[in-house]
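To be precise, the following lines are upload.txt, and they hold compact mmCIF, C-alpha atoms.
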```
# COMPACT_ATOMS: atom_id res chain seq x y z
CA MET E 1 0.00 0.00 0.00
CA LEU E 2 2.62 2.48 1.08
CA LEU E 3 5.06 1.37 -1.59
CA ALA E 4 2.47 1.92 -4.28
CA ALA E 5 2.00 5.50 -3.12
CA VAL E 6 5.68 6.36 -3.42
CA ASP E 7 6.64 8.12 -6.63
CA TRP E 8 9.84 6.27 -7.52
CA HIS E 9 10.93 9.02 -9.86
CA SER E 10 10.98 11.46 -6.95
CA TYR E 11 12.47 8.85 -4.62
CA PHE E 12 15.48 8.23 -6.85
CA PHE E 13 15.79 11.95 -7.51
CA MET E 14 16.06 12.57 -3.76
CA LEU E 15 18.60 9.76 -3.42
CA PHE E 16 20.88 10.94 -6.22
CA ALA E 17 20.44 14.62 -5.34
CA MET E 18 21.46 13.97 -1.74
CA LEU E 19 24.46 11.91 -2.85
CA ALA E 20 25.57 14.59 -5.33
CA CYS E 21 25.19 17.46 -2.85
CA ALA E 22 26.72 15.56 0.09
CA PHE E 23 29.79 14.48 -1.82
CA ALA E 24 30.18 17.96 -3.34
CA MET E 25 30.23 19.28 0.24
CA GLY E 26 32.74 16.53 1.02
CA VAL E 27 35.01 17.77 -1.79
CA LEU E 28 34.80 21.24 -0.30
CA LEU E 29 35.28 20.32 3.35
CA THR E 30 38.05 17.73 3.28
CA SER E 31 41.61 18.93 2.98
CA ASN E 32 43.00 15.60 1.80
CA ILE E 33 43.49 15.66 -1.96
CA VAL E 34 43.04 11.91 -2.42
CA ARG E 35 39.70 11.96 -0.59
CA MET E 36 38.65 14.99 -2.64
CA ALA E 37 39.25 13.05 -5.86
CA PHE E 38 37.23 10.09 -4.56
CA TYR E 39 34.32 12.28 -3.41
CA LEU E 40 34.35 14.04 -6.78
CA VAL E 41 33.99 10.71 -8.57
CA LEU E 42 30.95 9.83 -6.44
CA SER E 43 29.41 13.28 -6.81
CA LEU E 44 29.71 13.26 -10.60
CA GLY E 45 28.41 9.69 -10.76
CA ALA E 46 25.32 10.73 -8.81
CA THR E 47 24.97 13.68 -11.19
CA ALA E 48 24.86 11.22 -14.09
CA GLY E 49 22.00 9.47 -12.27
CA LEU E 50 20.13 12.79 -12.13
CA TYR E 51 20.63 13.22 -15.88
CA PHE E 52 19.10 9.79 -16.46
CA LEU E 53 16.13 10.79 -14.30
CA ALA E 54 15.63 13.96 -16.33
CA GLY E 55 15.29 11.90 -19.50
CA ALA E 56 18.72 12.79 -20.85
CA GLU E 57 20.00 9.24 -21.22
CA PHE E 58 22.65 9.99 -23.80
CA VAL E 59 24.13 12.89 -21.85
CA GLY E 60 24.07 10.78 -18.70
CA ALA E 61 25.97 8.00 -20.43
CA MET E 62 28.46 10.51 -21.81
CA GLN E 63 28.85 11.99 -18.33
CA LEU E 64 29.77 8.56 -17.00
CA MET E 65 32.09 7.68 -19.90
CA ILE E 66 33.88 11.00 -20.54
CA TYR E 67 33.75 12.65 -17.13
CA VAL E 68 33.96 9.83 -14.63
CA GLY E 69 35.84 7.47 -16.93
CA GLY E 70 38.16 9.96 -18.59
CA THR E 71 38.55 13.38 -17.03
CA LEU E 72 38.56 12.19 -13.45
CA VAL E 73 41.01 9.38 -14.17
CA LEU E 74 43.26 12.11 -15.62
CA LEU E 75 42.81 14.13 -12.41
CA ILE E 76 43.58 11.09 -10.25
CA PHE E 77 46.77 10.51 -12.23
CA GLY E 78 47.65 14.14 -11.54
CA VAL E 79 47.04 13.55 -7.84
CA MET E 80 49.22 10.44 -7.87
CA LEU E 81 52.05 12.20 -9.72
CA THR E 82 52.18 15.04 -7.20
CA ALA E 83 51.22 13.17 -4.04
CA GLN E 84 54.16 13.95 -1.82
CA SER E 85 53.22 13.79 1.82
CA ARG E 86 53.43 17.54 2.36
CA PHE E 87 50.98 18.23 -0.50
CA VAL E 88 48.41 15.54 0.34
CA SER E 89 46.78 17.54 3.12
CA MET E 90 47.01 21.31 2.84
CA LYS E 91 44.95 23.22 5.37
CA ILE E 92 43.83 26.84 5.40
CA ARG E 93 43.34 29.14 8.36
CA PRO E 94 40.01 29.20 10.29
CA ASP E 95 39.37 32.86 9.49
CA GLU E 96 39.56 32.03 5.80
CA TRP E 97 36.98 29.28 6.38
CA ILE E 98 34.65 31.81 8.01
CA LEU E 99 35.03 34.22 5.10
CA VAL E 100 34.38 31.48 2.53
CA ALA E 101 31.40 30.13 4.49
CA SER E 102 29.74 33.55 4.69
CA LEU E 103 30.38 34.43 1.03
CA GLY E 104 29.41 30.96 -0.20
CA GLY E 105 26.28 30.95 1.95
CA ALA E 106 25.24 34.32 0.55
CA LEU E 107 25.81 33.11 -3.02
CA LEU E 108 23.87 29.92 -2.32
CA LEU E 109 20.95 31.85 -0.84
CA LEU E 110 20.89 34.15 -3.87
CA LEU E 111 20.91 31.23 -6.32
CA LEU E 112 18.22 29.34 -4.39
CA TYR E 113 16.06 32.47 -4.27
CA VAL E 114 16.37 32.76 -8.06
CA ALA E 115 15.70 29.05 -8.57
CA PHE E 116 12.43 29.19 -6.65
CA SER E 117 11.31 32.71 -7.60
CA VAL E 118 10.07 32.01 -11.13
CA PRO E 119 6.59 30.44 -10.87
CA GLU E 120 6.90 28.72 -14.24
CA TRP E 121 9.90 26.74 -13.02
CA ARG E 122 7.99 25.55 -9.95
CA MET E 123 5.06 24.28 -12.01
CA GLU E 124 4.80 20.54 -12.42
CA HIS E 125 4.35 19.02 -15.84
CA PRO E 126 0.62 19.58 -16.52
CA HIS E 127 0.03 16.30 -18.38
CA PRO E 128 2.48 13.72 -17.04
CA ALA E 129 0.45 10.91 -18.62
CA GLU E 130 1.02 12.35 -22.09
CA ILE E 131 4.81 12.08 -21.98
CA SER E 132 5.75 9.52 -24.59
CA VAL E 133 8.71 7.21 -24.26
CA ALA E 134 9.77 8.17 -27.78
CA GLU E 135 10.35 11.70 -26.54
CA THR E 136 13.24 10.52 -24.40
CA LYS E 137 14.89 8.28 -27.00
CA LEU E 138 17.33 10.90 -28.11
CA ALA E 139 20.59 9.19 -29.10
CA ALA E 140 19.79 9.11 -32.83
CA PRO E 141 18.44 12.71 -33.00
CA ILE E 142 21.55 13.92 -31.13
CA GLY E 143 23.85 12.11 -33.54
CA LEU E 144 21.96 13.52 -36.52
CA ALA E 145 22.02 17.03 -35.06
CA LEU E 146 25.78 16.80 -34.61
CA SER E 147 26.06 15.97 -38.31
CA GLY E 148 23.87 18.92 -39.25
CA VAL E 149 20.48 17.24 -39.70
CA ARG E 150 17.61 18.08 -37.37
CA LEU E 151 14.48 15.98 -37.26
CA ASP E 152 12.59 18.71 -35.43
CA ASP E 153 12.66 22.33 -36.57
CA GLY E 154 15.97 23.44 -35.11
CA ILE E 155 19.41 24.34 -36.32
CA GLY E 156 22.09 21.76 -36.97
CA TYR E 157 25.25 21.61 -34.89
CA LEU E 158 27.78 20.55 -37.53
CA PHE E 159 29.88 23.73 -37.31
CA PRO E 160 30.14 23.82 -33.49
CA PHE E 161 30.94 20.10 -33.61
CA LEU E 162 33.75 20.80 -36.10
CA ILE E 163 35.11 23.64 -33.97
CA VAL E 164 35.02 21.63 -30.78
CA SER E 165 36.74 18.69 -32.50
CA VAL E 166 39.62 20.83 -33.75
CA HIS E 167 39.75 22.54 -30.36
CA LEU E 168 40.06 19.20 -28.59
CA LEU E 169 42.80 18.06 -30.99
CA VAL E 170 44.81 21.28 -30.53
CA VAL E 171 44.33 21.16 -26.77
CA LEU E 172 45.48 17.56 -26.48
CA ILE E 173 48.58 18.17 -28.61
CA GLY E 174 49.30 21.29 -26.56
CA ALA E 175 48.81 19.44 -23.29
CA GLY E 176 51.13 16.66 -24.41
CA TYR E 177 53.72 19.23 -25.38
CA LEU E 178 53.40 21.13 -22.11
CA ALA E 179 53.57 18.07 -19.88
CA ARG E 180 56.45 16.29 -21.61
CA THR E 181 59.19 15.14 -19.28
CA LYS E 182 62.19 17.39 -19.04
CA ARG E 183 65.43 17.04 -17.15
CA ARG E 184 65.00 19.07 -14.05
CA ALA E 185 67.66 21.77 -13.77
CA THR E 186 68.13 21.22 -10.04
CA SER E 187 68.16 17.44 -10.14
CA GLU E 188 70.04 15.83 -7.30
CA ASN E 189 71.09 12.70 -9.17
CA MET C 1 1.93 16.30 0.59
CA LEU C 2 4.92 14.15 1.35
CA PRO C 3 8.01 15.18 -0.60
CA LEU C 4 8.42 11.65 -1.93
CA MET C 5 5.03 11.81 -3.60
CA ALA C 6 5.49 15.24 -5.12
CA GLN C 7 6.18 15.51 -8.80
CA LEU C 8 9.57 16.84 -9.85
CA THR C 9 9.95 20.33 -11.25
CA VAL C 10 12.75 22.32 -12.83
CA SER C 11 13.37 24.04 -9.49
CA HIS C 12 14.42 20.74 -7.91
CA TYR C 13 17.18 20.41 -10.47
CA LEU C 14 18.15 24.08 -10.14
CA PHE C 15 18.54 23.49 -6.40
CA VAL C 16 21.06 20.68 -6.95
CA GLY C 17 22.82 22.72 -9.62
CA ALA C 18 23.11 25.70 -7.26
CA VAL C 19 24.61 23.54 -4.49
CA LEU C 20 27.16 22.02 -6.88
CA PHE C 21 28.02 25.47 -8.24
CA VAL C 22 28.56 27.05 -4.84
CA CYS C 23 30.63 24.07 -3.64
CA GLY C 24 32.78 24.44 -6.75
CA VAL C 25 33.28 28.17 -6.33
CA ALA C 26 34.18 27.74 -2.66
CA CYS C 27 36.57 24.92 -3.63
CA MET C 28 38.30 27.18 -6.15
CA ALA C 29 38.67 29.86 -3.49
CA THR C 30 39.86 27.73 -0.57
CA LYS C 31 42.05 24.97 -1.96
CA ARG C 32 45.78 25.52 -1.89
CA ASN C 33 46.49 22.47 -4.00
CA ALA C 34 46.30 23.34 -7.72
CA LEU C 35 44.50 20.06 -8.41
CA GLY C 36 41.90 20.98 -5.78
CA VAL C 37 41.21 24.20 -7.67
CA LEU C 38 40.79 22.09 -10.81
CA MET C 39 38.25 19.89 -9.03
CA GLY C 40 36.33 23.03 -8.07
CA VAL C 41 36.14 23.98 -11.75
CA GLU C 42 34.74 20.55 -12.57
CA LEU C 43 32.02 20.98 -9.93
CA VAL C 44 31.09 24.41 -11.30
CA LEU C 45 30.78 23.05 -14.84
CA ASN C 46 28.58 20.22 -13.58
CA GLY C 47 26.33 22.65 -11.74
CA ALA C 48 25.87 24.62 -14.95
CA ASN C 49 25.27 21.45 -16.95
CA MET C 50 22.56 20.43 -14.50
CA ASN C 51 20.61 23.58 -15.38
CA PHE C 52 20.89 22.85 -19.10
CA ILE C 53 19.60 19.31 -18.58
CA ALA C 54 16.74 20.52 -16.37
CA PHE C 55 15.52 23.07 -18.88
CA ALA C 56 15.91 20.59 -21.73
CA SER C 57 14.04 17.78 -20.00
CA PRO C 58 10.72 16.77 -21.57
CA LEU C 59 9.70 15.16 -18.26
CA LEU C 60 9.80 18.33 -16.16
CA ARG C 61 8.18 21.00 -18.33
CA GLU C 62 5.79 21.07 -21.23
CA LYS C 63 7.68 23.86 -23.00
CA HIS C 64 11.25 22.59 -22.85
CA LEU C 65 14.47 23.40 -24.66
CA GLY C 66 14.52 19.93 -26.18
CA LEU C 67 17.55 18.72 -28.04
CA ASP C 68 19.41 22.06 -27.90
CA GLY C 69 19.96 21.91 -24.15
CA GLN C 70 21.32 18.38 -24.31
CA LEU C 71 23.66 19.26 -27.18
CA VAL C 72 25.02 22.24 -25.26
CA ALA C 73 25.51 19.97 -22.26
CA LEU C 74 27.53 17.59 -24.43
CA PHE C 75 29.70 20.45 -25.67
CA VAL C 76 30.27 21.55 -22.07
CA ILE C 77 31.41 18.02 -21.17
CA VAL C 78 33.89 17.99 -24.08
CA LEU C 79 35.21 21.44 -23.23
CA ALA C 80 35.59 20.41 -19.58
CA ALA C 81 37.71 17.45 -20.71
CA ALA C 82 39.90 19.77 -22.79
CA GLU C 83 40.20 22.24 -19.92
CA ALA C 84 41.17 19.51 -17.48
CA ALA C 85 43.89 18.22 -19.84
CA VAL C 86 45.49 21.65 -20.28
CA ALA C 87 45.20 22.62 -16.62
CA LEU C 88 46.72 19.31 -15.56
CA ALA C 89 49.61 19.79 -17.99
CA ILE C 90 50.26 23.27 -16.59
CA ALA C 91 50.05 21.96 -13.01
CA LEU C 92 52.52 19.16 -13.76
CA ASN C 93 54.88 21.60 -15.46
CA PHE C 94 54.68 23.88 -12.44
CA TYR C 95 55.36 20.93 -10.17
CA ASN C 96 58.39 19.89 -12.26
CA ASN C 97 59.87 23.36 -12.23
CA HIS C 98 59.14 24.43 -8.66
CA SER C 99 58.79 21.08 -6.82
CA THR C 100 55.53 22.28 -5.27
CA ILE C 101 51.83 22.21 -6.16
CA ASP C 102 50.84 25.00 -3.77
CA VAL C 103 49.16 27.79 -5.75
CA ASP C 104 50.21 30.34 -3.12
CA ARG C 105 53.84 29.75 -4.15
CA ALA C 106 53.13 30.63 -7.79
CA SER C 107 53.80 34.31 -7.33
CA GLU C 108 56.48 34.97 -9.94
CA LEU C 109 54.19 37.07 -12.11
CA LYS C 110 53.27 39.30 -9.17
CA GLY C 111 54.09 42.94 -9.95
```

In structure tokens, what does this structure look like?
Amino acid sequence: MLLAAVDWHSYFFMLFAMLACAFAMGVLLTSNIVRMAFYLVLSLGATAGLYFLAGAEFVGAMQLMIYVGGTLVLLIFGVMLTAQSRFVSMKIRPDEWILVASLGGALLLLLLYVAFSVPEWRMEHPHPAEISVAETKLAAPIGLALSGVRLDDGIGYLFPFLIVSVHLLVVLIGAGYLARTKRRATSEN
Amino acid sequence: MLPLMAQLTVSHYLFVGAVLFVCGVACMATKRNALGVLMGVELVLNGANMNFIAFASPLLREKHLGLDGQLVALFVIVLAAAEAAVALAIALNFYNNHSTIDVDRASELKG
């Protein structure tokens, strides 16, 4: 009886939202860089769950594959390459914490006020029964839009796709060039 | 009405996005480790992406952004990957040259 009354969409939203927010706070509050990386993985994974719940399956899958599987692994390698004991835990002074807490709290209050101030954003979907499953099957339309063809009446994204591809290529070559190993000038041995 | 039985709205997603954004900004401001600052940037980008997904979702609103919001979110993910690669390369270069990763020690350009 009670289980039938629970809206599982909302239930899983609450679960993933709490995970994402709690681990984001964990990233902020811990001073250990290894723990920060781990909390960030969990927070972004929960974010991917929220994308799935919003009907953006393709973006959620890309979030898991590119972000959690690629970008964060890169970050963790960076952590491992620089993890000397004096850099693992770097603390800041308590007065700086107070300043950040007051400024961050003010920013959060402002953003939450904006998020809940527009009545249209607080309205629920008026006809939830009319949402079709086909509306959320978006992998093929996204692929077509990236190659310049839109099934609905919108603009194609071929040119931005081209720009972002060249941008990624240039950035990766540049990053490889920047991070190449050099003989350190002040090497002991 | 119990919160578990309420239907989701865009504001729910904006709430999570705002929390992620503020955590990221505070991370960028407080961390002394350059990689911690980088993690703050990732959180900020995810908070922004959450708003795109919320406004694009056909499940939350009747008049939604549709495919455009999801495509922009994909571009943001790709650009975040590029940004992380370059920032990590710069951080590693800094670490090689100065044997530290503390951003407070990177003060050579100070006038």

Subject >> Nearest to chain E by atom-to-atom distance, counting only C-alpha atoms, from C:Ser107, C:Val37, C:Asn51, C:Glu62 >> reply: C:Glu62

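The list of residues with at least one atom within 8 Å of Ala73 of chain C, based on all atoms listed in the file and without residues fewer than 3 positions apart in the same chain, reads Val59 of chain E; Asn49, Phe52, Ile53, Gly69, Gln70, Val76 and Ile77 of chain C.
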
Can you list every residue of chain C that has an atom at most 6 Å from chain E, with its nearest atom pair and the distance in Å to one decimal, using only C-alpha atoms, ordered by chain then number, as a Markdown table?
```
| residue | atom | partner | partner_atom | distance |
| --- | --- | --- | --- | --- |
| C:Leu4 | CA | E:Tyr11 | CA | 5.6 |
| C:Met5 | CA | E:Asp7 | CA | 5.0 |
| C:Thr9 | CA | E:Glu124 | CA | 5.3 |
| C:Val10 | CA | E:Trp121 | CA | 5.3 |
| C:Ser11 | CA | E:Ala115 | CA | 5.6 |
| C:Leu14 | CA | E:Ala115 | CA | 5.8 |
| C:Cys27 | CA | E:Leu28 | CA | 5.3 |
| C:Ser57 | CA | E:Ala54 | CA | 5.5 |
| C:Leu60 | CA | E:His125 | CA | 5.5 |
| C:Arg61 | CA | E:His125 | CA | 5.0 |
| C:Glu62 | CA | E:His125 | CA | 5.9 |
| C:Ala81 | CA | E:Thr71 | CA | 5.6 |
| C:Ala82 | CA | E:Leu168 | CA | 5.8 |
| C:Val86 | CA | E:Ala175 | CA | 5.0 |
| C:Ala89 | CA | E:Ala179 | CA | 4.7 |
| C:Asn93 | CA | E:Ala179 | CA | 5.8 |
```

How big is the axis-aligned box around the listed atoms of segment 13-20 of chain C once 8 Å is added on each side, and where is its centre? Give both in Å to one decimal, as lines of an AutoDock Vina configuration file.
```
center_x = 22.2
center_y = 23.1
center_z = -7.5
size_x = 26.0
size_y = 21.3
size_z = 22.0
```

**OP:** Go ahead and compute the interatomic distance for atom CA of Leu20 of chain C and atom CA of Ala80 of chain C, in Å to one decimal.
**Re:**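 One can read the atom CA of Leu20 of chain C to atom CA of Ala80 of chain C distance as 15.3 Å.
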
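From atom CA of Gly49 of chain E back to atom CA of Asp153 of chain E, the distance works out to 29.0 Å.
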
Original post:
What is the atom CA of Gly36 of chain C-atom CA of Ala54 of chain C distance in Å, reported with one decimal?
Top reply: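 Interatomic distance, atom CA of Gly36 of chain C to atom CA of Ala54 of chain C: 27.3 Å.
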
Original post:
Of the candidates C:Leu8, C:Ala18, C:Ile101, C:Leu74, which one gets nearest to Leu38 of chain C if we count all atoms listed in the file?
Top reply: C:Ile101

Original post:
For Val22 of chain C, which residue among C:Leu35, C:Asp68, C:Ala91, C:Val41 is the nearest when counting all atoms listed in the file?
Top reply: C:Val41

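Residue nearest Asn46 of chain C, chosen from C:His12, C:Leu65, C:Ala29, C:Phe21 and counting all atoms listed in the file: C:Phe21.
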
Original post:
With all atoms listed in the file as the basis for distance, which of C:Leu59, C:Ala34, C:Ala48, C:Leu79 is at the shortest distance from Phe94 of chain C?
Top reply: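 Of C:Leu59, C:Ala34, C:Ala48, C:Leu79, the one nearest Phe94 of chain C is C:Ala34, counting all atoms listed in the file.
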
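If only C-alpha atoms are the atoms counted, then among E:Val41, E:Leu15, E:Ala61, E:Ile98 the closest residue to Ala139 of chain E is E:Ala61.
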
Pop segment 13-91 of chain C out of the structure in the block and write C-alpha atoms as a PDB file, in the first residue's frame.
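Output saved as part-v4.pdb:
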```pdb
ATOM      1  CA  TYR C  13      17.184  20.410 -10.465  1.00  0.00           C
ATOM      2  CA  LEU C  14      18.146  24.078 -10.139  1.00  0.00           C
ATOM      3  CA  PHE C  15      18.542  23.490  -6.398  1.00  0.00           C
ATOM      4  CA  VAL C  16      21.063  20.676  -6.946  1.00  0.00           C
ATOM      5  CA  GLY C  17      22.817  22.724  -9.623  1.00  0.00           C
ATOM      6  CA  ALA C  18      23.111  25.696  -7.259  1.00  0.00           C
ATOM      7  CA  VAL C  19      24.605  23.535  -4.494  1.00  0.00           C
ATOM      8  CA  LEU C  20      27.162  22.018  -6.876  1.00  0.00           C
ATOM      9  CA  PHE C  21      28.015  25.466  -8.242  1.00  0.00           C
ATOM     10  CA  VAL C  22      28.562  27.050  -4.836  1.00  0.00           C
ATOM     11  CA  CYS C  23      30.634  24.074  -3.637  1.00  0.00           C
ATOM     12  CA  GLY C  24      32.784  24.438  -6.749  1.00  0.00           C
ATOM     13  CA  VAL C  25      33.283  28.175  -6.333  1.00  0.00           C
ATOM     14  CA  ALA C  26      34.180  27.744  -2.659  1.00  0.00           C
ATOM     15  CA  CYS C  27      36.567  24.921  -3.633  1.00  0.00           C
ATOM     16  CA  MET C  28      38.303  27.184  -6.149  1.00  0.00           C
ATOM     17  CA  ALA C  29      38.669  29.862  -3.490  1.00  0.00           C
ATOM     18  CA  THR C  30      39.861  27.729  -0.568  1.00  0.00           C
ATOM     19  CA  LYS C  31      42.052  24.966  -1.963  1.00  0.00           C
ATOM     20  CA  ARG C  32      45.779  25.525  -1.889  1.00  0.00           C
ATOM     21  CA  ASN C  33      46.495  22.469  -4.004  1.00  0.00           C
ATOM     22  CA  ALA C  34      46.300  23.341  -7.722  1.00  0.00           C
ATOM     23  CA  LEU C  35      44.501  20.058  -8.414  1.00  0.00           C
ATOM     24  CA  GLY C  36      41.903  20.977  -5.785  1.00  0.00           C
ATOM     25  CA  VAL C  37      41.212  24.199  -7.672  1.00  0.00           C
ATOM     26  CA  LEU C  38      40.787  22.091 -10.808  1.00  0.00           C
ATOM     27  CA  MET C  39      38.250  19.889  -9.034  1.00  0.00           C
ATOM     28  CA  GLY C  40      36.328  23.027  -8.069  1.00  0.00           C
ATOM     29  CA  VAL C  41      36.144  23.980 -11.751  1.00  0.00           C
ATOM     30  CA  GLU C  42      34.737  20.551 -12.571  1.00  0.00           C
ATOM     31  CA  LEU C  43      32.024  20.978  -9.930  1.00  0.00           C
ATOM     32  CA  VAL C  44      31.089  24.412 -11.301  1.00  0.00           C
ATOM     33  CA  LEU C  45      30.777  23.049 -14.838  1.00  0.00           C
ATOM     34  CA  ASN C  46      28.578  20.223 -13.580  1.00  0.00           C
ATOM     35  CA  GLY C  47      26.328  22.649 -11.740  1.00  0.00           C
ATOM     36  CA  ALA C  48      25.866  24.622 -14.947  1.00  0.00           C
ATOM     37  CA  ASN C  49      25.267  21.446 -16.946  1.00  0.00           C
ATOM     38  CA  MET C  50      22.560  20.426 -14.496  1.00  0.00           C
ATOM     39  CA  ASN C  51      20.608  23.577 -15.379  1.00  0.00           C
ATOM     40  CA  PHE C  52      20.890  22.848 -19.104  1.00  0.00           C
ATOM     41  CA  ILE C  53      19.603  19.314 -18.577  1.00  0.00           C
ATOM     42  CA  ALA C  54      16.744  20.520 -16.374  1.00  0.00           C
ATOM     43  CA  PHE C  55      15.520  23.074 -18.882  1.00  0.00           C
ATOM     44  CA  ALA C  56      15.906  20.585 -21.734  1.00  0.00           C
ATOM     45  CA  SER C  57      14.044  17.778 -20.000  1.00  0.00           C
ATOM     46  CA  PRO C  58      10.720  16.767 -21.569  1.00  0.00           C
ATOM     47  CA  LEU C  59       9.696  15.165 -18.259  1.00  0.00           C
ATOM     48  CA  LEU C  60       9.804  18.334 -16.162  1.00  0.00           C
ATOM     49  CA  ARG C  61       8.181  20.999 -18.332  1.00  0.00           C
ATOM     50  CA  GLU C  62       5.787  21.069 -21.227  1.00  0.00           C
ATOM     51  CA  LYS C  63       7.682  23.862 -23.004  1.00  0.00           C
ATOM     52  CA  HIS C  64      11.250  22.586 -22.854  1.00  0.00           C
ATOM     53  CA  LEU C  65      14.471  23.398 -24.657  1.00  0.00           C
ATOM     54  CA  GLY C  66      14.524  19.933 -26.180  1.00  0.00           C
ATOM     55  CA  LEU C  67      17.554  18.723 -28.039  1.00  0.00           C
ATOM     56  CA  ASP C  68      19.411  22.059 -27.903  1.00  0.00           C
ATOM     57  CA  GLY C  69      19.955  21.912 -24.153  1.00  0.00           C
ATOM     58  CA  GLN C  70      21.319  18.382 -24.309  1.00  0.00           C
ATOM     59  CA  LEU C  71      23.660  19.262 -27.180  1.00  0.00           C
ATOM     60  CA  VAL C  72      25.020  22.244 -25.265  1.00  0.00           C
ATOM     61  CA  ALA C  73      25.505  19.974 -22.260  1.00  0.00           C
ATOM     62  CA  LEU C  74      27.528  17.587 -24.435  1.00  0.00           C
ATOM     63  CA  PHE C  75      29.695  20.453 -25.665  1.00  0.00           C
ATOM     64  CA  VAL C  76      30.265  21.550 -22.067  1.00  0.00           C
ATOM     65  CA  ILE C  77      31.411  18.024 -21.171  1.00  0.00           C
ATOM     66  CA  VAL C  78      33.891  17.987 -24.081  1.00  0.00           C
ATOM     67  CA  LEU C  79      35.210  21.444 -23.227  1.00  0.00           C
ATOM     68  CA  ALA C  80      35.587  20.407 -19.578  1.00  0.00           C
ATOM     69  CA  ALA C  81      37.710  17.447 -20.709  1.00  0.00           C
ATOM     70  CA  ALA C  82      39.902  19.770 -22.786  1.00  0.00           C
ATOM     71  CA  GLU C  83      40.205  22.237 -19.919  1.00  0.00           C
ATOM     72  CA  ALA C  84      41.174  19.508 -17.484  1.00  0.00           C
ATOM     73  CA  ALA C  85      43.887  18.221 -19.840  1.00  0.00           C
ATOM     74  CA  VAL C  86      45.492  21.651 -20.283  1.00  0.00           C
ATOM     75  CA  ALA C  87      45.199  22.621 -16.625  1.00  0.00           C
ATOM     76  CA  LEU C  88      46.719  19.311 -15.556  1.00  0.00           C
ATOM     77  CA  ALA C  89      49.613  19.789 -17.993  1.00  0.00           C
ATOM     78  CA  ILE C  90      50.256  23.267 -16.588  1.00  0.00           C
ATOM     79  CA  ALA C  91      50.052  21.964 -13.005  1.00  0.00           C
TER      80      ALA C  91
END
```
